[in-house]
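Trainee: I have a structure I would like to understand better, so I am pasting it below and will then ask my questions one at a time.
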Amino acid sequence: MRILLGAQSCGFGPAAKLTAISRVLDGHHRVCVGTTVAEDFARRNADAFDEVIEITDRDVLHSQIMSADWVVSVMDADLVFRAVAAGRSVLLVDSLLAFWKLDKSPERIAELCERALRSRFSAWEHDLAELSSHERMYAAHIVADASMAQVFPGTAERAATLHALGAARVFLAGPIVDESALVDSPHEGDGVDLLINTGGFKNFLLDYHHHNAYLSLMARWVPDLMADWPQFGSILVCGGSYGGTRATSVSREGRVAVFRCLHQRSFIPAVASARHYLATPGLTAIHEALLLGRFPMALPEQHYGHICNLTALKGLLFERHGARFAELIKDYEVPADDFDGTAAIVRHVGRVIEDQEAYARFRRGMNERVEAYVALDAAARAEGVAELRSLLRGPSFSALLTQLVPMPADHLVRD
């Protein structure tokens, strides 16, 4: 079968999940479509797909949908709607089902979906126009042939509501990560002293060249971290913002911090082998670390979703040892909204960069957090991993995927 795969262009999380899913679907003809950060991740991991196509306009996307037998969308609601309108079978994969903010009732969203379905989605953009971007994600679960929701606090309750509304094929899944990349990973301590993961960074507001105060803060802080922590002889900073010509390095007294965007098959072993690991609190980064048995320290949030992630994990060792701007920046207030909250974070981080006293406070606070994290012994870190695993475990996504998407006969024989 020809399977069309697409992901929301919001950081590396959705695209990383899409890559993991595509590897499980080996044996089909896998066509990845995308733009910006999602396309960039796919091309860096092109061995997971048979084709990678940049979507330049709606006509290109429509043509690809019409030529597909199945469509798999990771958190791209519009791709789900377009597939339904084209009469194609579609699977939605969502790692943030509990996160979506609904201003309208679930019943109203279901009513709008039913209206669109009755018209065979011929005018879906008009029928669903009153839905916000978050509500559209919720609606996509209702209209998809099946959906897979990654386990997180609140996900089971949302799935139960969707079932009651008639979305009978919403399945809970455990970590959706590239399990094949974990095979034969090197041992902890064989790699760099410190790995810092800033993720894909790009989303609906953040960009490598605009609204990028967080990246400017990292560029200033990492050399100071080297000065404050001479025991970190080697530092690797990984993220989408350091790809291609944006890669760089800084040195201090013979020690080097390298800024790179690694291929996934290089990044996973780097996480496995690093002595210490700092990462923004995105769910994909957390899950990858857990499957490797690594306990990361959470970097301060880049966007509002990161705040929600840590709040949902309140009380766990990971949350208690995480760094958050509320403790590092004076008068830090962020509205409870995806866009406005993220915009507020950008403004607050901008103040830190511009104000010497504010930056000094940030630097001291980060040193305190890093000191507490480094002091954790192996037993404490193992306890932190066990806590998170217990909360986030769920059915195997790969086993579930092979049940939902018909697999080629020769693939089933090989397995």
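Here's how to read the names in the structure tokens: chain A, B, ... by the order shown, residue numbers from 1 in each chain, ligand numbers from 1 in the order shown.
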Neighbouring residues of region 141-146 of chain A were defined as those with any atom within 10 Å, considering only C-alpha atoms; residues of the same chain fewer than 3 positions away were excluded. Please report them as a PyMOL selection string.
Mentor: chain A and resi 71-73+75+77+80-81+83-84+88-94+97+109-110+113-114+116-117+121+136-138+149+159+162-163+165-171+404-405
Trainee: Can you list, as an NGL selection string, every protein, DNA or RNA residue that comes within 8 Å of region 311-328 of chain A when you count only C-alpha atoms, leaving out same-chain residues fewer than 4 positions away?
Mentor: :A and (153 or 295-301 or 307 or 332-333 or 361-362 or 365-366 or 369 or 372-373 or 384 or 387-388)
Trainee: Keeping N, CA and C atoms for every residue in the selection just given, could you write it to a file as a PDB file, in the first residue's frame?
Mentor:
```pdb
ATOM      1  N   PRO A 153      -1.179  12.075  31.942  1.00  0.00           N
ATOM      2  CA  PRO A 153      -2.268  12.386  32.861  1.00  0.00           C
ATOM      3  C   PRO A 153      -3.409  13.133  32.176  1.00  0.00           C
ATOM      4  N   PHE A 295      17.747   9.594  33.323  1.00  0.00           N
ATOM      5  CA  PHE A 295      16.946  10.572  34.056  1.00  0.00           C
ATOM      6  C   PHE A 295      17.450  11.971  33.707  1.00  0.00           C
ATOM      7  N   PRO A 296      16.674  12.741  32.925  1.00  0.00           N
ATOM      8  CA  PRO A 296      17.127  14.080  32.532  1.00  0.00           C
ATOM      9  C   PRO A 296      16.715  15.144  33.537  1.00  0.00           C
ATOM     10  N   MET A 297      17.409  16.268  33.478  1.00  0.00           N
ATOM     11  CA  MET A 297      16.954  17.455  34.187  1.00  0.00           C
ATOM     12  C   MET A 297      16.212  18.323  33.180  1.00  0.00           C
ATOM     13  N   ALA A 298      15.039  18.809  33.550  1.00  0.00           N
ATOM     14  CA  ALA A 298      14.248  19.645  32.647  1.00  0.00           C
ATOM     15  C   ALA A 298      14.829  21.051  32.578  1.00  0.00           C
ATOM     16  N   LEU A 299      15.115  21.508  31.359  1.00  0.00           N
ATOM     17  CA  LEU A 299      15.485  22.896  31.131  1.00  0.00           C
ATOM     18  C   LEU A 299      14.245  23.775  31.285  1.00  0.00           C
ATOM     19  N   PRO A 300      14.409  25.077  31.439  1.00  0.00           N
ATOM     20  CA  PRO A 300      13.234  25.953  31.489  1.00  0.00           C
ATOM     21  C   PRO A 300      12.419  25.861  30.208  1.00  0.00           C
ATOM     22  N   GLU A 301      11.164  26.198  30.310  1.00  0.00           N
ATOM     23  CA  GLU A 301      10.213  26.037  29.212  1.00  0.00           C
ATOM     24  C   GLU A 301      10.510  26.967  28.037  1.00  0.00           C
ATOM     25  N   ILE A 307       5.205  24.205  30.167  1.00  0.00           N
ATOM     26  CA  ILE A 307       4.707  24.501  31.511  1.00  0.00           C
ATOM     27  C   ILE A 307       3.648  23.476  31.898  1.00  0.00           C
ATOM     28  N   TYR A 332       7.588  37.032  36.854  1.00  0.00           N
ATOM     29  CA  TYR A 332       7.303  36.174  35.701  1.00  0.00           C
ATOM     30  C   TYR A 332       5.846  35.754  35.722  1.00  0.00           C
ATOM     31  N   GLU A 333       5.074  36.260  34.775  1.00  0.00           N
ATOM     32  CA  GLU A 333       3.664  35.912  34.665  1.00  0.00           C
ATOM     33  C   GLU A 333       3.379  35.477  33.239  1.00  0.00           C
ATOM     34  N   ARG A 361      20.758  36.602  37.969  1.00  0.00           N
ATOM     35  CA  ARG A 361      19.804  35.804  38.759  1.00  0.00           C
ATOM     36  C   ARG A 361      19.531  34.466  38.065  1.00  0.00           C
ATOM     37  N   PHE A 362      19.325  34.528  36.744  1.00  0.00           N
ATOM     38  CA  PHE A 362      19.097  33.295  35.974  1.00  0.00           C
ATOM     39  C   PHE A 362      20.300  32.360  36.102  1.00  0.00           C
ATOM     40  N   GLY A 365      20.501  30.763  39.544  1.00  0.00           N
ATOM     41  CA  GLY A 365      19.449  29.774  39.714  1.00  0.00           C
ATOM     42  C   GLY A 365      19.720  28.498  38.948  1.00  0.00           C
ATOM     43  N   MET A 366      20.212  28.617  37.721  1.00  0.00           N
ATOM     44  CA  MET A 366      20.542  27.435  36.936  1.00  0.00           C
ATOM     45  C   MET A 366      21.680  26.647  37.574  1.00  0.00           C
ATOM     46  N   ARG A 369      20.231  24.550  40.284  1.00  0.00           N
ATOM     47  CA  ARG A 369      19.496  23.399  39.748  1.00  0.00           C
ATOM     48  C   ARG A 369      20.455  22.331  39.231  1.00  0.00           C
ATOM     49  N   ALA A 372      22.087  20.464  42.124  1.00  0.00           N
ATOM     50  CA  ALA A 372      21.207  19.473  42.747  1.00  0.00           C
ATOM     51  C   ALA A 372      21.044  18.244  41.854  1.00  0.00           C
ATOM     52  N   TYR A 373      20.968  18.464  40.552  1.00  0.00           N
ATOM     53  CA  TYR A 373      20.808  17.348  39.614  1.00  0.00           C
ATOM     54  C   TYR A 373      22.061  16.479  39.574  1.00  0.00           C
ATOM     55  N   GLY A 384      13.741   8.071  39.801  1.00  0.00           N
ATOM     56  CA  GLY A 384      13.074   9.068  38.980  1.00  0.00           C
ATOM     57  C   GLY A 384      12.570   8.479  37.674  1.00  0.00           C
ATOM     58  N   GLU A 387       9.474   6.271  38.467  1.00  0.00           N
ATOM     59  CA  GLU A 387       8.277   7.088  38.704  1.00  0.00           C
ATOM     60  C   GLU A 387       7.604   7.476  37.397  1.00  0.00           C
ATOM     61  N   LEU A 388       8.405   7.985  36.471  1.00  0.00           N
ATOM     62  CA  LEU A 388       7.863   8.435  35.197  1.00  0.00           C
ATOM     63  C   LEU A 388       7.328   7.265  34.379  1.00  0.00           C
TER      64      LEU A 388
END
```
Trainee: Extract, using only C-alpha atoms, all DNA, RNA and protein residues at most 10 Å from region 122-125 of chain A, discarding same-chain residues fewer than 3 positions from it, and format them as a PDB file with N, CA and C atoms, in the first residue's frame.
Mentor:
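Produced file around.pdb, reproduced below:
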```pdb
ATOM      1  N   ASP A  78      -5.733  19.263  10.059  1.00  0.00           N
ATOM      2  CA  ASP A  78      -6.181  19.552   8.703  1.00  0.00           C
ATOM      3  C   ASP A  78      -5.893  18.406   7.752  1.00  0.00           C
ATOM      4  N   PHE A  81      -8.709  16.018   8.169  1.00  0.00           N
ATOM      5  CA  PHE A  81      -9.929  16.492   7.521  1.00  0.00           C
ATOM      6  C   PHE A  81      -9.844  16.345   6.001  1.00  0.00           C
ATOM      7  N   ARG A  82      -8.693  16.661   5.436  1.00  0.00           N
ATOM      8  CA  ARG A  82      -8.535  16.553   3.975  1.00  0.00           C
ATOM      9  C   ARG A  82      -8.590  15.093   3.534  1.00  0.00           C
ATOM     10  N   VAL A  84     -10.293  12.667   5.080  1.00  0.00           N
ATOM     11  CA  VAL A  84     -11.698  12.260   5.185  1.00  0.00           C
ATOM     12  C   VAL A  84     -12.483  12.787   3.990  1.00  0.00           C
ATOM     13  N   ALA A  85     -12.243  14.048   3.622  1.00  0.00           N
ATOM     14  CA  ALA A  85     -12.935  14.641   2.486  1.00  0.00           C
ATOM     15  C   ALA A  85     -12.622  13.905   1.196  1.00  0.00           C
ATOM     16  N   ALA A  86     -11.411  13.340   1.103  1.00  0.00           N
ATOM     17  CA  ALA A  86     -10.995  12.618  -0.102  1.00  0.00           C
ATOM     18  C   ALA A  86     -11.408  11.152  -0.068  1.00  0.00           C
ATOM     19  N   LEU A 112     -20.798  19.515  15.227  1.00  0.00           N
ATOM     20  CA  LEU A 112     -20.229  20.094  14.015  1.00  0.00           C
ATOM     21  C   LEU A 112     -19.586  19.025  13.138  1.00  0.00           C
ATOM     22  N   CYS A 113     -18.946  18.050  13.776  1.00  0.00           N
ATOM     23  CA  CYS A 113     -18.334  16.952  13.022  1.00  0.00           C
ATOM     24  C   CYS A 113     -19.396  16.132  12.304  1.00  0.00           C
ATOM     25  N   ARG A 115     -22.292  17.152  11.311  1.00  0.00           N
ATOM     26  CA  ARG A 115     -22.814  17.949  10.189  1.00  0.00           C
ATOM     27  C   ARG A 115     -21.883  17.843   8.984  1.00  0.00           C
ATOM     28  N   ALA A 116     -20.582  17.920   9.257  1.00  0.00           N
ATOM     29  CA  ALA A 116     -19.613  17.819   8.163  1.00  0.00           C
ATOM     30  C   ALA A 116     -19.622  16.424   7.540  1.00  0.00           C
ATOM     31  N   LEU A 117     -19.747  15.403   8.385  1.00  0.00           N
ATOM     32  CA  LEU A 117     -19.769  14.029   7.878  1.00  0.00           C
ATOM     33  C   LEU A 117     -21.004  13.758   7.024  1.00  0.00           C
ATOM     34  N   ARG A 118     -22.131  14.353   7.402  1.00  0.00           N
ATOM     35  CA  ARG A 118     -23.348  14.151   6.621  1.00  0.00           C
ATOM     36  C   ARG A 118     -23.200  14.692   5.201  1.00  0.00           C
ATOM     37  N   SER A 119     -22.413  15.744   5.069  1.00  0.00           N
ATOM     38  CA  SER A 119     -22.183  16.319   3.737  1.00  0.00           C
ATOM     39  C   SER A 119     -20.933  15.733   3.087  1.00  0.00           C
ATOM     40  N   LEU A 128     -16.517  23.552   9.985  1.00  0.00           N
ATOM     41  CA  LEU A 128     -15.711  23.524  11.209  1.00  0.00           C
ATOM     42  C   LEU A 128     -15.043  24.857  11.503  1.00  0.00           C
ATOM     43  N   ALA A 129     -15.470  25.909  10.812  1.00  0.00           N
ATOM     44  CA  ALA A 129     -14.788  27.199  10.897  1.00  0.00           C
ATOM     45  C   ALA A 129     -14.794  27.782  12.303  1.00  0.00           C
ATOM     46  N   GLU A 130     -15.809  27.476  13.101  1.00  0.00           N
ATOM     47  CA  GLU A 130     -15.899  28.090  14.430  1.00  0.00           C
ATOM     48  C   GLU A 130     -14.992  27.421  15.462  1.00  0.00           C
ATOM     49  N   LEU A 131     -14.322  26.357  15.073  1.00  0.00           N
ATOM     50  CA  LEU A 131     -13.454  25.646  16.004  1.00  0.00           C
ATOM     51  C   LEU A 131     -12.062  26.285  16.066  1.00  0.00           C
TER      52      LEU A 131
END
```
Trainee: Rounded to one decimal in Å, what is the spacing between CA of Val52 (chain A) and CA of Pro406 (chain A)?
Mentor: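 Rounded to one decimal, the two atoms are 21.8 Å apart.
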Trainee: Show which residues sit within 7 Å of Gly293 (chain A), as a ChimeraX atom specification. Count only C-alpha atoms, and ignore same-chain residues fewer than 3 positions away.
Mentor: /A:289-290,385
Trainee: Run DSSP on the backbone and tell me which residues of region 171-349 of chain A come out as strand (DSSP E or B); list them as a VMD selection string.
Mentor: chain A and resid 171 to 173 194 to 197 234 to 238 248 to 252 255 to 260 276 to 279 297 to 298
Trainee: Just to be explicit: take each residue in the selection above, keep C-alpha atoms, and write the result as an mmCIF file, in the first residue's frame.
Mentor:
```
data_model
loop_
_atom_site.group_PDB
_atom_site.id
_atom_site.type_symbol
_atom_site.label_atom_id
_atom_site.label_comp_id
_atom_site.auth_asym_id
_atom_site.auth_seq_id
_atom_site.Cartn_x
_atom_site.Cartn_y
_atom_site.Cartn_z
ATOM 1 C CA PHE A 171 -6.768 3.791 21.482
ATOM 2 C CA LEU A 172 -4.320 4.568 24.279
ATOM 3 C CA ALA A 173 -0.645 3.920 23.552
ATOM 4 C CA LEU A 194 26.869 16.893 29.381
ATOM 5 C CA LEU A 195 24.267 16.778 26.608
ATOM 6 C CA ILE A 196 21.817 19.683 26.314
ATOM 7 C CA ASN A 197 18.749 19.055 24.149
ATOM 8 C CA SER A 234 32.851 18.025 26.896
ATOM 9 C CA ILE A 235 29.412 19.484 26.144
ATOM 10 C CA LEU A 236 27.124 18.694 23.217
ATOM 11 C CA VAL A 237 24.172 21.012 22.561
ATOM 12 C CA CYS A 238 21.622 19.436 20.203
ATOM 13 C CA THR A 248 28.956 26.141 15.829
ATOM 14 C CA SER A 249 31.211 25.558 18.814
ATOM 15 C CA VAL A 250 32.673 27.539 21.709
ATOM 16 C CA SER A 251 35.809 26.777 23.697
ATOM 17 C CA ARG A 252 37.087 27.716 27.111
ATOM 18 C CA ARG A 255 37.150 22.523 26.796
ATOM 19 C CA VAL A 256 34.659 22.644 23.949
ATOM 20 C CA ALA A 257 30.882 22.922 23.650
ATOM 21 C CA VAL A 258 29.643 21.780 20.253
ATOM 22 C CA PHE A 259 26.246 22.931 18.901
ATOM 23 C CA ARG A 260 24.822 20.476 16.324
ATOM 24 C CA HIS A 276 24.456 14.056 32.371
ATOM 25 C CA TYR A 277 21.444 15.094 30.307
ATOM 26 C CA LEU A 278 19.479 18.374 30.242
ATOM 27 C CA ALA A 279 16.413 18.636 27.986
ATOM 28 C CA MET A 297 16.954 17.455 34.187
ATOM 29 C CA ALA A 298 14.248 19.645 32.647
#
```
Trainee: Which polymer residues have any atom within 12 Å of an atom of Glu253 (chain A), counting only C-alpha atoms, with same-chain residues fewer than 5 positions away left out, as a ChimeraX atom specification?
Mentor: /A:223,226-227,229-234
Trainee: Restricted to N, CA and C atoms, what would the selected residues look like written as a short mmCIF file (atom, residue, chain, number, x, y, z; two decimals), in the first residue's frame?
Mentor:
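The resulting again_20.cif:
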```cif
data_model
loop_
_atom_site.label_atom_id
_atom_site.label_comp_id
_atom_site.auth_asym_id
_atom_site.auth_seq_id
_atom_site.Cartn_x
_atom_site.Cartn_y
_atom_site.Cartn_z
N PRO A 223 28.50 29.09 27.50
CA PRO A 223 29.88 29.44 27.86
C PRO A 223 30.04 29.74 29.35
N MET A 226 30.19 26.53 31.22
CA MET A 226 31.53 25.96 31.13
C MET A 226 32.46 26.58 32.16
N ALA A 227 32.32 27.89 32.37
CA ALA A 227 33.16 28.57 33.35
C ALA A 227 32.81 28.14 34.78
N TRP A 229 31.30 25.30 35.67
CA TRP A 229 31.37 23.85 35.86
C TRP A 229 32.53 23.26 35.05
N PRO A 230 33.76 23.45 35.52
CA PRO A 230 34.93 22.93 34.78
C PRO A 230 34.93 21.40 34.66
N GLN A 231 34.14 20.71 35.52
CA GLN A 231 34.09 19.24 35.43
C GLN A 231 33.38 18.77 34.16
N PHE A 232 32.65 19.67 33.50
CA PHE A 232 32.05 19.33 32.21
C PHE A 232 33.10 19.55 31.12
N GLY A 233 33.92 18.53 30.92
CA GLY A 233 35.00 18.66 29.95
C GLY A 233 34.52 18.69 28.52
N SER A 234 33.40 18.05 28.26
CA SER A 234 32.85 18.03 26.90
C SER A 234 31.34 18.23 26.98
#
```
Trainee: Quick one: distance from CA of His348 (chain A) to CA of Ser133 (chain A) in Å, one decimal?
Mentor: 25.0 Å
Trainee: For Arg294 (chain A), which residue among A:Ser105, A:Asn367, A:Thr198, A:Ser273 is the nearest when counting only C-alpha atoms?
Mentor: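 The answer is A:Ser273, which sits nearest to Arg294 (chain A).
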Trainee: Among region 137-304 of chain A, which residues does DSSP mark as helix (DSSP H, G or I) when it is run on the backbone? Keep the chain and numbering as in the structure and answer as an MDAnalysis selection string.
Mentor: chainID A and resid 137:143 155:164 179:182 213:228 240:242 244:246 264:273 283:291 304
Trainee: Of the candidates A:Met407, A:Ala139, A:Val374, A:Leu96, which shows the shortest atom-to-atom distance to Thr155 (chain A), using only C-alpha atoms?
Mentor: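 Of all the options, A:Leu96 lies closest to Thr155 (chain A).
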Trainee: Could you check how far CA of Cys32 (chain A) sits from CA of Ala15 (chain A), in Å to one decimal?
Mentor: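 Separation between CA of Cys32 (chain A) and CA of Ala15 (chain A): 9.9 Å.
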Trainee: Compare A:His303, A:Ile65, A:Asn309, A:Gly27 by their minimum atom-to-atom distance to Ala344 (chain A), counting only C-alpha atoms, and give me the closest one.
Mentor: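 Distance minimum relative to Ala344 (chain A) lands on A:His303.
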Trainee: With only C-alpha atoms as the counted atoms, please give the residues lying no more than 7 Å from region 66-69 of chain A, apart from itself and same-chain residues fewer than 2 positions off, as a list in words.
Mentor: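 Those residues are Met1, Arg2, Ile3, Leu4, His62, Ser63, Gln64, Val71, Ala86 and Arg88 of chain A.
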Trainee: Write out the residues from the selection above, keeping N, CA and C atoms, as a short mmCIF file (atom, residue, chain, number, x, y, z; two decimals), in the first residue's frame.
Mentor:
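Dumped everything to out38.cif:
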```cif
data_model
loop_
_atom_site.label_atom_id
_atom_site.label_comp_id
_atom_site.auth_asym_id
_atom_site.auth_seq_id
_atom_site.Cartn_x
_atom_site.Cartn_y
_atom_site.Cartn_z
N MET A 1 0.83 -1.20 0.00
CA MET A 1 0.00 0.00 0.00
C MET A 1 0.87 1.25 0.00
N ARG A 2 0.30 2.32 -0.55
CA ARG A 2 0.96 3.62 -0.51
C ARG A 2 0.39 4.38 0.69
N ILE A 3 1.26 4.68 1.64
CA ILE A 3 0.83 5.36 2.87
C ILE A 3 1.41 6.76 2.90
N LEU A 4 0.53 7.73 3.07
CA LEU A 4 0.94 9.13 3.17
C LEU A 4 1.09 9.47 4.65
N HIS A 62 -3.26 17.73 -2.06
CA HIS A 62 -4.45 16.99 -2.51
C HIS A 62 -4.06 15.85 -3.44
N SER A 63 -3.12 16.11 -4.33
CA SER A 63 -2.67 15.07 -5.25
C SER A 63 -2.06 13.89 -4.51
N GLN A 64 -1.28 14.18 -3.49
CA GLN A 64 -0.65 13.11 -2.71
C GLN A 64 -1.69 12.33 -1.91
N VAL A 71 -3.74 7.28 5.10
CA VAL A 71 -3.08 8.51 5.55
C VAL A 71 -2.84 8.38 7.05
N ALA A 86 -11.41 13.34 1.10
CA ALA A 86 -11.00 12.62 -0.10
C ALA A 86 -11.41 11.15 -0.07
N ARG A 88 -10.31 8.84 2.02
CA ARG A 88 -9.19 7.98 2.34
C ARG A 88 -9.24 7.55 3.82
#
```
Trainee: Please provide as a VMD selection string all residues within 9 Å of Ala16 (chain A), with the sequence filter that same-chain residues fewer than 5 positions apart are discarded (counting only C-alpha atoms).
Mentor: chain A and resid 7 21 38 41 to 42 176 to 178 264 284
Trainee: Which residue out of A:Val151, A:Ala181, A:Gly87, A:Ser241 has the minimum interatomic distance to Arg23 (chain A) when only C-alpha atoms are used?
Mentor: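 Going through A:Val151, A:Ala181, A:Gly87, A:Ser241 one by one, the smallest distance to Arg23 (chain A) is for A:Ala181.
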Trainee: Go through A:Ser22, A:Ser9, A:Gln403, A:Ser390 and flag the residue nearest Glu179 (chain A), using only C-alpha atoms for the distances.
Mentor: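 Looking only at the distances to Glu179 (chain A), the closest residue turns out to be A:Ser22.
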